>>> print(open('query00.cif').read())   # mmCIF, C-alpha atoms
data_entry
loop_
_atom_site.label_atom_id
_atom_site.label_comp_id
_atom_site.auth_asym_id
_atom_site.auth_seq_id
_atom_site.Cartn_x
_atom_site.Cartn_y
_atom_site.Cartn_z
CA MET A 12 118.67 261.46 127.35
CA SER A 13 120.56 264.06 125.35
CA ALA A 14 118.83 266.42 122.94
CA SER A 15 121.32 265.44 120.25
CA LEU A 16 120.31 261.77 120.48
CA GLU A 17 116.63 262.66 120.19
CA GLN A 18 117.37 264.81 117.14
CA ALA A 19 119.37 261.99 115.59
CA VAL A 20 116.49 259.56 116.17
CA HIS A 21 113.99 261.88 114.47
CA ALA A 22 116.39 262.45 111.59
CA ALA A 23 116.73 258.69 111.14
CA LEU A 24 112.95 258.26 111.10
CA ALA A 25 112.75 260.78 108.27
CA THR A 26 114.67 258.28 106.11
CA VAL A 27 112.06 255.53 106.56
CA ILE A 28 109.98 255.45 103.37
CA ASP A 29 106.46 254.05 103.26
CA PRO A 30 106.76 251.20 100.71
CA GLU A 31 103.44 252.01 99.04
CA LEU A 32 103.24 255.79 99.14
CA ARG A 33 107.03 256.18 98.62
CA ARG A 34 107.26 259.11 101.02
CA PRO A 35 108.80 259.39 104.51
CA ILE A 36 106.53 258.12 107.27
CA THR A 37 107.25 261.33 109.17
CA GLU A 38 105.64 263.37 106.37
CA LEU A 39 102.57 261.15 106.18
CA GLY A 40 101.54 261.48 109.81
CA MET A 41 102.33 257.81 110.45
CA VAL A 42 104.56 258.42 113.49
CA GLU A 43 102.29 258.60 116.52
CA SER A 44 105.02 258.80 119.15
CA VAL A 45 108.74 258.37 119.74
CA ASP A 46 110.14 257.77 123.22
CA VAL A 47 113.90 257.75 123.79
CA ALA A 48 114.96 256.46 127.21
CA ALA A 49 118.06 257.58 129.07
CA ASP A 50 119.74 254.23 128.41
CA GLY A 51 119.25 254.58 124.63
CA ARG A 52 116.19 252.40 124.22
CA VAL A 53 113.74 253.73 121.62
CA ARG A 54 110.02 252.98 121.55
CA LEU A 55 108.27 253.92 118.31
CA ALA A 56 104.54 253.83 117.58
CA VAL A 57 103.68 253.77 113.85
CA LEU A 58 100.18 254.26 112.46
CA LEU A 59 99.27 251.99 109.54
CA THR A 60 96.65 253.09 107.02
CA ILE A 61 94.64 249.88 107.50
CA ALA A 62 94.77 246.96 109.91
CA GLY A 63 95.70 244.43 107.22
CA CYS A 64 98.50 246.47 105.68
CA PRO A 65 100.39 243.89 103.57
CA LEU A 66 103.75 245.62 104.09
CA ARG A 67 103.62 246.02 107.84
CA GLY A 68 106.67 243.80 108.17
CA THR A 69 108.65 246.02 105.78
CA ILE A 70 107.74 249.14 107.75
CA THR A 71 108.80 247.49 111.00
CA ALA A 72 112.08 246.22 109.59
CA ASP A 73 112.96 249.53 107.92
CA SER A 74 112.19 251.47 111.10
CA GLU A 75 114.29 249.12 113.25
CA LYS A 76 117.19 249.31 110.79
CA ALA A 77 117.13 253.11 110.60
CA LEU A 78 116.96 253.61 114.36
CA SER A 79 119.50 250.90 115.22
CA SER A 80 122.07 252.67 113.07
CA VAL A 81 121.94 255.78 115.26
CA PRO A 82 124.96 255.98 117.62
CA GLY A 83 123.73 255.77 121.19
CA VAL A 84 120.60 253.72 120.46
CA THR A 85 120.81 250.46 122.39
CA ALA A 86 117.46 248.84 121.54
CA VAL A 87 114.45 249.50 119.32
CA GLU A 88 110.83 248.53 119.88
CA VAL A 89 108.28 249.22 117.13
CA GLU A 90 104.58 249.12 117.89
CA LEU A 91 102.16 249.11 114.96
CA LYS A 92 98.77 250.74 115.37
CA VAL A 93 96.02 251.68 112.90
CA MET A 94 94.86 255.12 111.85
CA ASN A 95 91.37 256.15 112.87
CA GLN A 96 88.98 257.58 110.28
CA ALA A 97 89.94 261.18 110.99
CA GLN A 98 93.61 260.37 110.52
CA ARG A 99 92.90 258.54 107.25
CA ASP A 100 90.85 261.48 106.02
CA ALA A 101 93.72 263.82 106.84
CA LEU A 102 96.13 261.56 104.93
CA LYS A 103 93.87 261.45 101.87
CA GLU A 104 93.49 265.22 101.99
CA GLN A 105 97.25 265.58 102.15
CA LEU A 106 97.75 263.28 99.17
CA ARG A 107 94.91 264.54 97.01
CA GLY A 108 94.91 268.16 98.10
CA ALA A 109 92.45 270.11 100.17
CA SER A 110 89.75 269.82 97.49
CA GLY A 111 89.82 266.02 97.64
CA GLN A 112 89.13 266.04 93.91
CA ARG A 113 89.19 262.60 92.29
CA GLY A 114 89.99 263.65 88.76
CA ILE A 115 92.83 262.32 86.64
CA PRO A 116 95.95 264.05 88.01
CA PHE A 117 97.94 263.50 84.81
CA ASN A 118 95.57 265.84 82.97
CA GLU A 119 96.11 268.75 85.33
CA PRO A 120 97.80 271.77 83.70
CA GLY A 121 100.76 271.61 86.08
CA SER A 122 101.43 267.89 85.64
CA LEU A 123 104.95 267.10 84.41
CA THR A 124 104.28 263.38 84.00
CA LYS A 125 105.11 261.94 80.59
CA VAL A 126 102.40 259.46 79.66
CA PHE A 127 103.27 256.73 77.14
CA ALA A 128 100.61 254.43 75.72
CA VAL A 129 102.40 251.30 74.48
CA ALA A 130 100.45 249.89 71.55
CA SER A 131 100.75 247.20 68.91
CA GLY A 132 98.77 246.15 65.89
CA LYS A 133 98.54 242.53 66.99
CA GLY A 134 99.48 240.33 69.91
CA GLY A 135 102.65 238.33 70.33
CA VAL A 136 105.13 241.10 69.56
CA GLY A 137 106.40 241.43 73.14
CA LYS A 138 104.62 244.68 73.96
CA SER A 139 104.18 243.93 77.66
CA SER A 140 107.79 242.83 78.09
CA VAL A 141 108.93 246.04 76.42
CA THR A 142 106.65 248.11 78.67
CA VAL A 143 107.91 246.51 81.87
CA ASN A 144 111.57 246.79 80.94
CA LEU A 145 111.30 250.41 79.83
CA ALA A 146 109.58 251.32 83.10
CA CYS A 147 112.18 249.50 85.20
CA ALA A 148 115.06 251.03 83.23
CA LEU A 149 113.74 254.53 83.95
CA ALA A 150 113.16 253.70 87.62
CA ALA A 151 116.74 252.43 87.86
CA GLN A 152 117.85 255.87 86.68
CA GLY A 153 116.09 257.42 89.68
CA LEU A 154 112.86 258.46 87.97
CA ARG A 155 109.43 257.98 89.54
CA VAL A 156 107.54 255.58 87.30
CA GLY A 157 104.15 253.87 87.17
CA ILE A 158 102.47 251.27 84.98
CA VAL A 159 98.77 250.83 84.24
CA ASP A 160 98.14 247.36 82.83
CA ALA A 161 95.34 248.41 80.49
CA ASP A 162 95.25 245.07 78.70
CA VAL A 163 92.28 243.96 80.79
CA HIS A 164 91.59 240.75 78.90
CA GLY A 165 95.23 239.75 78.55
CA PHE A 166 96.86 241.20 81.66
CA SER A 167 100.42 240.03 82.24
CA VAL A 168 102.30 242.89 83.91
CA PRO A 169 102.03 241.59 87.52
CA ALA A 170 103.65 238.28 86.55
CA LEU A 171 106.38 239.99 84.52
CA MET A 172 107.16 242.18 87.56
CA GLY A 173 106.94 239.34 90.08
CA ILE A 174 104.06 241.02 91.93
CA THR A 175 101.83 238.82 94.07
CA GLN A 176 100.75 241.49 96.54
CA ALA A 177 97.23 242.94 96.30
CA PRO A 178 96.69 246.71 96.26
CA THR A 179 95.87 248.38 99.57
CA ARG A 180 92.51 250.13 99.86
CA VAL A 181 92.26 253.22 102.04
CA ASP A 182 88.54 253.93 101.82
CA ASP A 183 88.04 255.06 98.21
CA MET A 184 91.77 255.38 97.51
CA ILE A 185 93.81 252.49 96.11
CA LEU A 186 97.54 252.24 96.82
CA PRO A 187 99.28 250.25 94.07
CA PRO A 188 101.95 247.63 94.79
CA VAL A 189 105.53 248.66 94.10
CA ALA A 190 108.16 246.45 92.45
CA TYR A 191 111.67 247.55 91.48
CA GLY A 192 110.65 251.13 92.30
CA VAL A 193 107.69 251.04 89.86
CA LYS A 194 104.09 251.48 90.99
CA VAL A 195 101.83 249.01 89.19
CA ILE A 196 98.08 248.52 88.89
CA SER A 197 96.35 245.74 86.95
CA ILE A 198 92.96 244.10 86.84
CA GLY A 199 94.88 240.89 87.48
CA MET A 200 95.36 242.07 91.07
CA PHE A 201 91.59 241.90 91.61
CA VAL A 202 90.89 238.58 89.90
CA ALA A 203 91.02 235.29 91.78
CA GLY A 204 93.40 232.75 90.28
CA ASN A 205 93.57 232.79 86.49
CA GLN A 206 89.94 233.62 85.89
CA PRO A 207 89.12 235.35 82.57
CA VAL A 208 87.74 238.88 82.51
CA ALA A 209 84.66 238.78 80.25
CA TRP A 210 83.84 242.48 79.96
CA ARG A 211 82.52 244.61 77.14
CA GLY A 212 83.30 248.20 76.18
CA PRO A 213 81.57 250.27 78.91
CA MET A 214 83.04 248.13 81.71
CA LEU A 215 86.51 248.33 80.18
CA HIS A 216 86.25 252.12 80.05
CA ARG A 217 85.07 252.30 83.66
CA ALA A 218 87.91 250.06 84.85
CA LEU A 219 90.53 252.22 83.13
CA GLU A 220 88.92 255.39 84.47
CA GLN A 221 88.97 253.99 88.01
CA PHE A 222 92.64 253.08 87.67
CA LEU A 223 93.42 256.68 86.70
CA THR A 224 91.26 258.38 89.33
CA ASP A 225 91.15 256.13 92.39
CA VAL A 226 94.70 254.77 92.32
CA TYR A 227 97.21 257.03 94.06
CA PHE A 228 100.38 257.11 91.97
CA GLY A 229 101.75 260.31 93.44
CA ASP A 230 104.01 262.62 91.49
CA LEU A 231 105.37 260.53 88.62
CA ASP A 232 107.98 261.36 86.01
CA ALA A 233 106.61 258.76 83.61
CA LEU A 234 103.47 256.64 83.37
CA PHE A 235 103.27 253.68 80.98
CA LEU A 236 100.00 252.15 79.82
CA ASP A 237 100.24 248.62 78.45
CA LEU A 238 97.43 248.63 75.89
CA PRO A 239 95.75 245.59 74.36
CA PRO A 240 96.57 244.96 70.69
CA GLY A 241 94.65 246.85 68.03
CA THR A 242 92.52 249.97 68.04
CA GLY A 243 89.53 248.86 70.08
CA ASP A 244 87.72 250.14 73.15
CA ILE A 245 90.74 250.65 75.41
CA ALA A 246 92.73 252.58 72.79
CA ILE A 247 89.77 254.90 72.30
CA SER A 248 89.24 255.26 76.06
CA VAL A 249 92.91 256.16 76.59
CA ALA A 250 92.58 258.90 73.97
CA GLN A 251 89.52 260.26 75.79
CA LEU A 252 90.83 259.95 79.34
CA LEU A 253 94.47 260.88 78.63
CA PRO A 254 94.46 263.06 75.50
CA LYS A 255 98.10 264.07 76.02
CA ALA A 256 99.34 260.47 76.10
CA GLU A 257 102.01 259.72 73.50
CA ILE A 258 101.82 256.48 71.56
CA LEU A 259 104.71 254.01 71.41
CA VAL A 260 104.19 251.43 68.68
CA VAL A 261 105.84 248.03 69.12
CA THR A 262 106.32 245.81 66.07
CA THR A 263 108.47 242.96 64.80
CA PRO A 264 110.66 243.27 61.68
CA GLN A 265 108.39 241.35 59.31
CA ALA A 266 106.42 243.32 56.75
CA ALA A 267 103.06 241.81 57.73
CA ALA A 268 103.51 242.88 61.36
CA ALA A 269 104.51 246.40 60.32
CA ASP A 270 101.39 246.70 58.14
CA VAL A 271 99.14 245.82 61.07
CA ALA A 272 101.10 248.00 63.53
CA GLU A 273 100.66 251.02 61.29
CA ARG A 274 96.97 251.09 62.21
CA ALA A 275 97.82 251.25 65.92
CA GLY A 276 99.87 254.41 65.33
CA ALA A 277 97.64 255.95 62.68
CA ILE A 278 94.83 256.21 65.25
CA ALA A 279 96.63 259.36 66.38
CA THR A 280 95.25 261.15 63.31
CA GLN A 281 91.74 260.62 64.69
CA THR A 282 92.47 261.21 68.37
CA GLY A 283 94.90 264.11 68.08
CA GLN A 284 97.61 262.27 70.01
CA THR A 285 101.34 262.24 69.33
CA VAL A 286 103.27 259.17 68.21
CA ALA A 287 106.48 259.15 70.27
CA GLY A 288 108.17 256.50 68.15
CA VAL A 289 108.45 252.94 66.93
CA ILE A 290 110.17 250.08 68.77
CA GLU A 291 111.21 247.03 66.78
CA ASN A 292 111.26 243.90 68.94
CA MET A 293 112.69 240.46 68.08
CA SER A 294 114.88 242.15 65.50
CA TYR A 295 117.49 239.42 65.18
CA LEU A 296 119.17 236.54 66.97
CA GLU A 297 122.86 236.91 67.73
CA MET A 298 124.80 233.79 66.72
CA PRO A 299 127.82 232.34 68.55
CA ASP A 300 130.09 233.34 65.65
CA GLY A 301 129.02 236.99 65.94
CA GLY A 302 126.61 236.87 63.01
CA ARG A 303 122.91 237.64 63.11
CA MET A 304 119.97 235.46 62.12
CA GLU A 305 116.95 237.56 61.10
CA LEU A 306 114.20 235.08 61.95
CA PHE A 307 111.38 237.51 61.24
CA GLY A 308 112.87 239.38 58.33
CA SER A 309 114.31 242.86 58.56
CA GLY A 310 113.44 246.51 58.10
CA GLY A 311 109.88 246.43 59.40
CA GLY A 312 110.49 248.96 62.14
CA ALA A 313 112.18 251.49 59.86
CA VAL A 314 109.44 251.12 57.25
CA LEU A 315 106.75 251.58 59.91
CA ALA A 316 108.42 254.71 61.27
CA GLU A 317 108.62 256.16 57.77
CA ARG A 318 104.98 255.39 57.04
CA LEU A 319 103.76 256.86 60.30
CA THR A 320 105.82 260.00 59.73
CA THR A 321 103.92 260.48 56.47
CA THR A 322 100.55 259.54 57.96
CA VAL A 323 100.61 261.70 61.10
CA GLY A 324 102.59 264.56 59.57
CA THR A 325 105.30 264.70 62.25
CA ASP A 326 108.61 262.93 62.66
CA VAL A 327 108.15 259.43 64.10
CA PRO A 328 111.58 257.97 64.92
CA LEU A 329 112.63 254.35 65.17
CA LEU A 330 113.67 254.42 68.82
CA GLY A 331 115.54 251.14 68.82
CA GLN A 332 115.79 247.51 67.80
CA ILE A 333 115.68 244.81 70.47
CA PRO A 334 117.31 241.46 69.64
CA LEU A 335 115.82 238.10 70.52
CA ASP A 336 117.22 236.85 73.81
CA ILE A 337 116.33 233.75 75.80
CA LEU A 338 117.26 235.67 78.95
CA LEU A 339 114.55 238.24 78.18
CA ARG A 340 111.96 235.48 78.19
CA GLU A 341 113.44 233.83 81.28
CA GLY A 342 113.45 237.14 83.14
CA GLY A 343 109.78 237.64 82.35
CA ASP A 344 108.90 234.16 83.56
CA ALA A 345 110.85 234.73 86.78
CA GLY A 346 109.43 238.21 87.36
CA THR A 347 112.86 239.86 87.04
CA PRO A 348 113.07 242.28 84.08
CA ILE A 349 116.23 241.76 82.03
CA VAL A 350 117.32 245.40 82.36
CA LEU A 351 117.79 244.70 86.07
CA GLY A 352 118.71 241.02 86.15
CA ARG A 353 121.12 241.00 83.19
CA PRO A 354 121.81 244.64 82.25
CA ASP A 355 124.91 243.67 80.25
CA THR A 356 123.03 241.65 77.61
CA PRO A 357 122.33 243.10 74.11
CA ALA A 358 118.57 243.11 74.69
CA ALA A 359 118.93 244.95 78.01
CA ILE A 360 121.32 247.46 76.49
CA ALA A 361 118.86 248.14 73.65
CA LEU A 362 115.94 248.58 76.07
CA THR A 363 117.94 250.88 78.34
CA GLY A 364 118.92 252.95 75.32
CA ILE A 365 115.28 253.36 74.30
CA ALA A 366 114.36 254.33 77.86
CA GLY A 367 117.07 256.98 77.80
CA LYS A 368 115.59 258.49 74.64
CA LEU A 369 112.14 258.62 76.25
CA ALA A 370 113.55 260.26 79.36
CA ALA A 371 115.22 262.90 77.21
CA ARG A 372 112.03 263.82 75.35
CA PRO A 373 110.98 267.36 76.32
CA ARG A 374 107.49 267.91 77.64
CA GLY A 375 105.58 270.69 75.93
CA LEU A 376 104.43 273.70 77.94
CA THR A 377 101.02 273.90 76.29
CA GLY A 378 98.34 274.46 78.90
CA MET A 379 100.79 274.79 81.78
CA LYS A 380 100.70 277.64 84.27
CA LEU A 381 104.10 279.28 84.32
CA GLY A 382 103.42 281.62 87.22
CA LEU A 383 104.29 284.68 85.13
CA GLN A 384 102.42 287.96 85.35
CA PRO A 385 102.64 291.03 83.12
CA ARG A 386 104.31 294.06 84.60
#
>>> encode(input="query00.cif", output="structure tokens")
Amino acid sequence: MSASLEQAVHAALATVIDPELRRPITELGMVESVDVAADGRVRLAVLLTIAGCPLRGTITADSEKALSSVPGVTAVEVELKVMNQAQRDALKEQLRGASGQRGIPFNEPGSLTKVFAVASGKGGVGKSSVTVNLACALAAQGLRVGIVDADVHGFSVPALMGITQAPTRVDDMILPPVAYGVKVISIGMFVAGNQPVAWRGPMLHRALEQFLTDVYFGDLDALFLDLPPGTGDIAISVAQLLPKAEILVVTTPQAAAADVAERAGAIATQTGQTVAGVIENMSYLEMPDGGRMELFGSGGGAVLAERLTTTVGTDVPLLGQIPLDILLREGGDAGTPIVLGRPDTPAAIALTGIAGKLAARPRGLTGMKLGLQPR
């Protein structure tokens, strides 16, 4: 066996990414041993976090693919083992830090994660579809993105993302499923079948708090929270648990919807949050002759943005208008967001444009440690 072949094998292993933690398996202490025989056969032992790891097949396939591509490797054998408690503790310490603190990482002074709470005044305006497509559009641009489905009673994000996999539990740490490069957590992943969640305020708050403390999202560029309609318990809990979260208000063009949506944004005056902007959904239907049919009226989004600018005292822009599109609905039903499945459609182009504006928003430096010292 040549030293160069062994180096090439280890370099290839460094490209194998754990599908849940989204980091190389070599960095996570998951490679127990690598044996390279003189005839080019490679035997790899990989340590899984738990025995029932749902993505064990993905890890095996990715490892075999990476090693088989190395010139000189003639065969690959992957053996899957399970971490012992000491190894799991070391992994959790590595992920959470030496302190093992289980606080909300997005509130830490050094966090660069942009947190967007997607709100609406009432249901039926397409808030969840907008959330999912914005998250996927940012992930497609190479950003690290997560979604918390905070609409506990009306959860729909897993279906819109095509997620059927349950989260992985590593002791008191929860690893969220990943779809289209987006890490997702939802109460729907813990409910059998289509059972309703009949919880009141304190339980809703505790569930959201657990999502933010026990779920390991890693270092994200953006975190979206799909809020339930209105200004109830969850909206208040988000303001308490994530005070720096910016509110995105989704409405339809009709005046009645804009009136109700104004309340969802105006809550910022009581919570001290920022309103990042207004998104008008179902703005119009493009006709075959190139014309537009405004099924729900027009101008509601612009009016809402103007009202919120006056109410909160800062500029609240209309970030974009999303047309009605059958393909948007079909993509949601199929679990394939339209920004990925049909990126050339008007609705996808509008959503991608809004995502680009969110990505370009600067993050304030208030409360951040800059590492500067007086001389």
>>> resolve_selection(input="query00.cif", expression="the PyMOL selection byres ((chain A and resi 49) around 12)", output="number ranges by chain")
A: 12-14, 16-17, 46-48, 50-54, 83-86
>>> closest_residue(input="query00.cif", among="A:Ile258, A:Met200, A:Ala177, A:Val163", to="His216 of chain A", atoms="all atoms listed in the file")
A:Val163
>>> closest_residue(input="query00.cif", among="A:Ser294, A:Leu231, A:Arg372, A:Pro65", to="Ala146 of chain A", atoms="all atoms listed in the file")
A:Leu231
>>> closest_residue(input="query00.cif", among="A:Ala268, A:Ala77, A:Ala203, A:Leu32", to="Met184 of chain A", atoms="only C-alpha atoms")
A:Leu32
>>> residues_near_point(input="query00.cif", point="(108.8, 247.8, 122.0)", cutoff="8 Å", atoms="only C-alpha atoms", output="list of chain:residue names")
A:Val53, A:Arg54, A:Leu55, A:Val87, A:Glu88, A:Val89, A:Glu90
>>> closest_atom_pairs(input="query00.cif", of="segment 253-303 of chain A", to="segment 336-353 of chain A", cutoff="12 Å", atoms="all atoms listed in the file", output="Markdown table")
| residue | atom | partner | partner_atom | distance |
| --- | --- | --- | --- | --- |
| A:Asn292 | CA | A:Asp336 | CA | 10.4 |
| A:Met293 | CA | A:Asp336 | CA | 8.1 |
| A:Ser294 | CA | A:Asp336 | CA | 10.1 |
| A:Tyr295 | CA | A:Asp336 | CA | 9.0 |
| A:Leu296 | CA | A:Asp336 | CA | 7.1 |
| A:Glu297 | CA | A:Asp336 | CA | 8.3 |
| A:Met298 | CA | A:Asp336 | CA | 10.8 |
>>> closest_residue(input="query00.cif", among="A:Val168, A:Ile245, A:Val271, A:Ala366", to="Gly137 of chain A", atoms="only C-alpha atoms")
A:Val168
>>> resolve_selection(input="query00.cif", expression="the PyMOL selection byres ((chain A and resi 95-97) around 10)", output="list in words")
Leu58, Leu59, Thr60, Ile61, Lys92, Val93, Met94, Gln98, Arg99, Asp100, Ala101, Leu102, Lys103, Val181 and Asp182 of chain A
>>> resolve_selection(input="query00.cif", expression="the PyMOL selection byres ((chain A and resi 361) around 12)", output="compact mmCIF listing (two decimals) with C-alpha atoms, in the coordinates of the input")
# COMPACT_ATOMS: atom_id res chain seq x y z
CA VAL A 141 108.93 246.04 76.42
CA ASN A 144 111.57 246.79 80.94
CA LEU A 145 111.30 250.41 79.83
CA ALA A 148 115.06 251.03 83.23
CA ILE A 290 110.17 250.08 68.77
CA GLU A 291 111.21 247.03 66.78
CA ASN A 292 111.26 243.90 68.94
CA MET A 293 112.69 240.46 68.08
CA SER A 294 114.88 242.15 65.50
CA LEU A 330 113.67 254.42 68.82
CA GLY A 331 115.54 251.14 68.82
CA GLN A 332 115.79 247.51 67.80
CA ILE A 333 115.68 244.81 70.47
CA PRO A 334 117.31 241.46 69.64
CA LEU A 335 115.82 238.10 70.52
CA ASP A 336 117.22 236.85 73.81
CA LEU A 339 114.55 238.24 78.18
CA ILE A 349 116.23 241.76 82.03
CA VAL A 350 117.32 245.40 82.36
CA PRO A 354 121.81 244.64 82.25
CA ASP A 355 124.91 243.67 80.25
CA THR A 356 123.03 241.65 77.61
CA PRO A 357 122.33 243.10 74.11
CA ALA A 358 118.57 243.11 74.69
CA ALA A 359 118.93 244.95 78.01
CA ILE A 360 121.32 247.46 76.49
CA LEU A 362 115.94 248.58 76.07
CA THR A 363 117.94 250.88 78.34
CA GLY A 364 118.92 252.95 75.32
CA ILE A 365 115.28 253.36 74.30
CA ALA A 366 114.36 254.33 77.86
CA GLY A 367 117.07 256.98 77.80
CA LYS A 368 115.59 258.49 74.64
>>> residues_around(input="query00.cif", residues="Gly283 of chain A", least_positions_apart="5", cutoff="12 Å", atoms="only C-alpha atoms", output="PyMOL selection string")
chain A and resi 247+249-251+253-258+276-278+323-325
>>> write_last_selection(input="query00.cif", atoms="C-alpha atoms", output="short mmCIF file (atom, residue, chain, number, x, y, z; two decimals), in the frame of the given file")
data_model
loop_
_atom_site.label_atom_id
_atom_site.label_comp_id
_atom_site.auth_asym_id
_atom_site.auth_seq_id
_atom_site.Cartn_x
_atom_site.Cartn_y
_atom_site.Cartn_z
CA ILE A 247 89.77 254.90 72.30
CA VAL A 249 92.91 256.16 76.59
CA ALA A 250 92.58 258.90 73.97
CA GLN A 251 89.52 260.26 75.79
CA LEU A 253 94.47 260.88 78.63
CA PRO A 254 94.46 263.06 75.50
CA LYS A 255 98.10 264.07 76.02
CA ALA A 256 99.34 260.47 76.10
CA GLU A 257 102.01 259.72 73.50
CA ILE A 258 101.82 256.48 71.56
CA GLY A 276 99.87 254.41 65.33
CA ALA A 277 97.64 255.95 62.68
CA ILE A 278 94.83 256.21 65.25
CA VAL A 323 100.61 261.70 61.10
CA GLY A 324 102.59 264.56 59.57
CA THR A 325 105.30 264.70 62.25
#
>>> atom_distance(input="query00.cif", atom1="atom CA of Ser139 of chain A", atom2="atom CA of Ser167 of chain A")
7.1 Å
>>> residues_around(input="query00.cif", residues="Gly288 of chain A", least_positions_apart="5", cutoff="7 Å", atoms="all atoms listed in the file", output="JSON, numbers by chain")
{"A": [259, 260, 327, 328, 329, 330]}
>>> closest_residue(input="query00.cif", among="A:Ala72, A:Cys64, A:Val45, A:Val81", to="Ala23 of chain A", atoms="only C-alpha atoms")
A:Val81
>>> residues_around(input="query00.cif", residues="Pro240 of chain A", least_positions_apart="5", cutoff="7 Å", atoms="all atoms listed in the file", output="MDAnalysis selection string")
chainID A and resid 130:134
>>> closest_residue(input="query00.cif", among="A:Glu75, A:Ile158, A:Gly192, A:Gly199", to="Ala170 of chain A", atoms="all atoms listed in the file")
A:Gly199
>>> atom_distance(input="query00.cif", atom1="atom CA of Ile196 of chain A", atom2="atom CA of Gly229 of chain A")
13.2 Å
>>> atom_distance(input="query00.cif", atom1="atom CA of Arg274 of chain A", atom2="atom CA of Arg318 of chain A")
10.5 Å
>>> residues_around(input="query00.cif", residues="Ala25 of chain A", least_positions_apart="4", cutoff="8 Å", atoms="all atoms listed in the file", output="PyMOL selection string")
chain A and resi 21+35-38
>>> build_atoms(input="query00.cif", residues="segment 115-119 of chain A", atoms="all heavy atoms", output="PDB file, in the frame of the given file")
ATOM      1  N   ILE A 115      91.618 262.973  87.125  1.00  0.00           N
ATOM      2  CA  ILE A 115      92.830 262.320  86.640  1.00  0.00           C
ATOM      3  C   ILE A 115      93.985 263.304  86.793  1.00  0.00           C
ATOM      4  O   ILE A 115      94.033 264.312  86.082  1.00  0.00           O
ATOM      5  CB  ILE A 115      92.665 261.888  85.173  1.00  0.00           C
ATOM      6  CG1 ILE A 115      91.509 260.883  85.052  1.00  0.00           C
ATOM      7  CG2 ILE A 115      93.961 261.274  84.650  1.00  0.00           C
ATOM      8  CD1 ILE A 115      91.201 260.461  83.629  1.00  0.00           C
ATOM      9  N   PRO A 116      94.897 263.069  87.716  1.00  0.00           N
ATOM     10  CA  PRO A 116      95.950 264.050  88.010  1.00  0.00           C
ATOM     11  C   PRO A 116      96.882 264.317  86.837  1.00  0.00           C
ATOM     12  O   PRO A 116      97.465 265.394  86.739  1.00  0.00           O
ATOM     13  CB  PRO A 116      96.702 263.420  89.195  1.00  0.00           C
ATOM     14  CG  PRO A 116      96.420 261.962  89.100  1.00  0.00           C
ATOM     15  CD  PRO A 116      95.034 261.845  88.547  1.00  0.00           C
ATOM     16  N   PHE A 117      97.012 263.338  85.934  1.00  0.00           N
ATOM     17  CA  PHE A 117      97.940 263.500  84.810  1.00  0.00           C
ATOM     18  C   PHE A 117      97.416 264.466  83.755  1.00  0.00           C
ATOM     19  O   PHE A 117      98.146 264.834  82.835  1.00  0.00           O
ATOM     20  CB  PHE A 117      98.231 262.131  84.184  1.00  0.00           C
ATOM     21  CG  PHE A 117      98.611 261.094  85.200  1.00  0.00           C
ATOM     22  CD1 PHE A 117      97.764 260.035  85.494  1.00  0.00           C
ATOM     23  CD2 PHE A 117      99.806 261.182  85.891  1.00  0.00           C
ATOM     24  CE1 PHE A 117      98.096 259.089  86.437  1.00  0.00           C
ATOM     25  CE2 PHE A 117     100.161 260.246  86.848  1.00  0.00           C
ATOM     26  CZ  PHE A 117      99.297 259.194  87.118  1.00  0.00           C
ATOM     27  N   ASN A 118      96.144 264.868  83.891  1.00  0.00           N
ATOM     28  CA  ASN A 118      95.570 265.840  82.970  1.00  0.00           C
ATOM     29  C   ASN A 118      95.630 267.264  83.506  1.00  0.00           C
ATOM     30  O   ASN A 118      95.263 268.209  82.792  1.00  0.00           O
ATOM     31  CB  ASN A 118      94.108 265.491  82.661  1.00  0.00           C
ATOM     32  CG  ASN A 118      93.984 264.247  81.798  1.00  0.00           C
ATOM     33  OD1 ASN A 118      94.908 263.892  81.075  1.00  0.00           O
ATOM     34  ND2 ASN A 118      92.841 263.579  81.870  1.00  0.00           N
ATOM     35  N   GLU A 119      96.062 267.405  84.757  1.00  0.00           N
ATOM     36  CA  GLU A 119      96.110 268.750  85.330  1.00  0.00           C
ATOM     37  C   GLU A 119      97.154 269.596  84.620  1.00  0.00           C
ATOM     38  O   GLU A 119      98.202 269.091  84.193  1.00  0.00           O
ATOM     39  CB  GLU A 119      96.430 268.650  86.824  1.00  0.00           C
ATOM     40  CG  GLU A 119      95.330 267.970  87.634  1.00  0.00           C
ATOM     41  CD  GLU A 119      95.677 267.864  89.102  1.00  0.00           C
ATOM     42  OE1 GLU A 119      96.787 268.325  89.477  1.00  0.00           O
ATOM     43  OE2 GLU A 119      94.862 267.330  89.868  1.00  0.00           O
TER      44      GLU A 119
END
